[in-house]
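Visitor: First the structure, which I've put down as structure tokens, then a few questions once you've had a look.
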Amino acid sequence: MADARQAPAGDFDYEAHGAGYINRRQPDPRIAAIVHAALGDARTVINVGAGAGSYEPLDRYVVAVEPSAAMRAQRPHHLAPALDATAEHLPFDDNSFDAAMAMITIHQWSDVDAGLRELRRVSRGPVAILTFDADALLDFWMNEYAPEVTATERARFPTIDHVAGVLGGEIETIKVPIPIDCTDGFGEAYYARPEAFLEADVRAAQSGWVLTDPDAVARGVAKLADELSSGRWDERHGYLRSQPERVGAVRLVVAR
Ligand SMILES: C[S@@+](CC[C@H](N)C(=O)[O-])C[C@H]1O[C@@H](n2cnc3c(N)ncnc32)[C@H](O)[C@@H]1O
């Protein structure tokens, strides 16, 4: 295996913190179906910031690009190996692929605009970006417990309008519903399972928690634990435990 990079390609060090990613971050099949529909009839697809391969379609020719060795190492064997490169410098000619995708990754890039322009450049068809609407994150109940984590996240995500503006062309923004048993363990995936946030490995698979001041994290987790045991969380949010899906901050931006 090639040496790890001198420094992470994004704002999160997966060499230090990424080893258990796939334990908690499996692609959700219902979200995958929405992503795959957005790719249309593309036969060749580039997946940038591919990580362990979540949301890569199995019925098309996929080239994955992933700068972290720790993440490449977690790709399951039924997927092709990923190329070590970054979004900002894709080693492909213009219009090389029928479609491009980037899933829950753009908020980490060192130069989002450059990366988005690269995706646009190498795709002759749709560009599909799975990301979060930073403003909508304020509506998630976690903001009452760990507002510092929400603030960390909000500072990282480019606005949906910004992403759309850089990509250009005809834009469709899909509000992606989050299923109650979502298998991709980003924060809102646990909207109906608040106890999950008491588990360190759940939080470790969400970069926002790792990038936030540990004292603030400890305070938030303690407050949540307290309100779960007192019943206060359920008084206020318990209806979510049986709500089949929730439209939160997840957005699929498709530029055609
Ligand atoms: C939250 S993970 C998402 C991985 C995968 N797409 C998924 O949905 O599970 C973010 C990924 O973006 C990658 N990344 C960070 N900076 C990058 C950059 N500048 N170019 C390409 N990928 C980058 C990280 O190495 C990491 O694998």
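Each chain in the structure tokens gets a letter, A, B, ..., in the order shown, and its residues are numbered from 1; ligands are numbered from 1 in order too.
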Could you tell me, counting only C-alpha atoms and all ligand atoms, which protein and nucleic acid residues lie no more than 8 Å from ligand 1, written as an MDAnalysis selection string?
Guide: chainID A and resid 8:14 22 25:27 47:55 65:68 71:72 85:88 102:106 108:112 115 184 206:207
Visitor: Identify all residues of region 13-256 of chain A in helix (DSSP H, G or I) (DSSP on the backbone) and supply them as a PyMOL selection string.
Guide: chain A and resi 14-17+21-24+29-38+69-72+106-108+112-122+134-139+142-145+147-156+160-167+187-190+194-198+200-204+207-210+214-230+232-242
Visitor: In Å to one decimal, how far is CA of Glu235 (chain A) from CA of Ala218 (chain A)?
Guide: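 Rounded to one decimal, the two atoms are 22.9 Å apart.
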Visitor: What parts of region 100-249 of chain A does DSSP call strand (DSSP E or B)? I'd like the answer as a list in words.
Guide: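 Strand (DSSP E or B) members of region 100-249 of chain A, listed: Ala100, Met101, Ala102, Met103, Trp109, Ser123, Val127, Ala128, Ile129, Leu130, Thr131, Phe132, Ile171, Glu172, Thr173, Ile174, Lys175, Val176, Pro177, Ile178, Pro179, Asp184, Glu245, Arg246, Val247, Gly248 and Ala249 of chain A.
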Visitor: Using only C-alpha atoms, which residue out of A:Arg43, A:Arg193, A:Arg219, A:Arg203 lies closest to His237 (chain A)?
Guide: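 Residue with the minimum atom-to-atom distance to His237 (chain A): A:Arg193.
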Visitor: Could you tell me which of A:Asn23, A:Ala99, A:His107, A:Ala7 comes closest to Ala37 (chain A) if we count only C-alpha atoms?
Guide: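 Smallest separation from Ala37 (chain A) among the options: A:Ala99.
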Visitor: Find the residue from A:Met101, A:Val250, A:Ala70, A:Ala205 that sits nearest to Phe157 (chain A); use only C-alpha atoms when measuring.
Guide: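 Answer, going by the shortest atom-to-atom distance: A:Val250.
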Visitor: Name all residues at most 10 Å from Val35 (chain A) (count only C-alpha atoms; drop same-chain ones fewer than 2 positions away) and give them as a list in words.
Guide: Pro29, Arg30, Ile31, Ala32, Ala33, Ala37, Ala38, Leu39, Gly40, Tyr55, Glu56, Pro57, Met101, Met103, Ala128, Ile129, Leu130, Ile174, Val176, Leu252, Val253 and Val254 of chain A
Visitor: Taking C-alpha atoms for each residue, export the selection above as a compact mmCIF listing (two decimals), in the first residue's frame.
Guide:
# COMPACT_ATOMS: atom_id res chain seq x y z
CA PRO A 29 -30.57 1.37 0.05
CA ARG A 30 -33.45 3.88 -0.08
CA ILE A 31 -31.07 6.81 -0.40
CA ALA A 32 -29.02 4.81 -2.91
CA ALA A 33 -32.10 4.37 -5.12
CA ALA A 37 -32.05 7.44 -10.42
CA ALA A 38 -30.30 10.80 -10.64
CA LEU A 39 -27.45 9.22 -12.60
CA GLY A 40 -29.94 8.46 -15.38
CA TYR A 55 -23.75 4.59 -3.00
CA GLU A 56 -21.61 3.34 -5.88
CA PRO A 57 -23.94 1.65 -8.36
CA MET A 101 -21.12 11.74 -8.07
CA MET A 103 -21.51 11.64 -1.59
CA ALA A 128 -24.93 14.41 -8.37
CA ILE A 129 -23.89 15.83 -4.99
CA LEU A 130 -25.24 14.36 -1.75
CA ILE A 174 -34.08 16.79 -4.00
CA VAL A 176 -33.92 13.21 0.52
CA LEU A 252 -29.20 15.64 -3.48
CA VAL A 253 -28.16 18.40 -5.85
CA VAL A 254 -28.25 17.24 -9.45
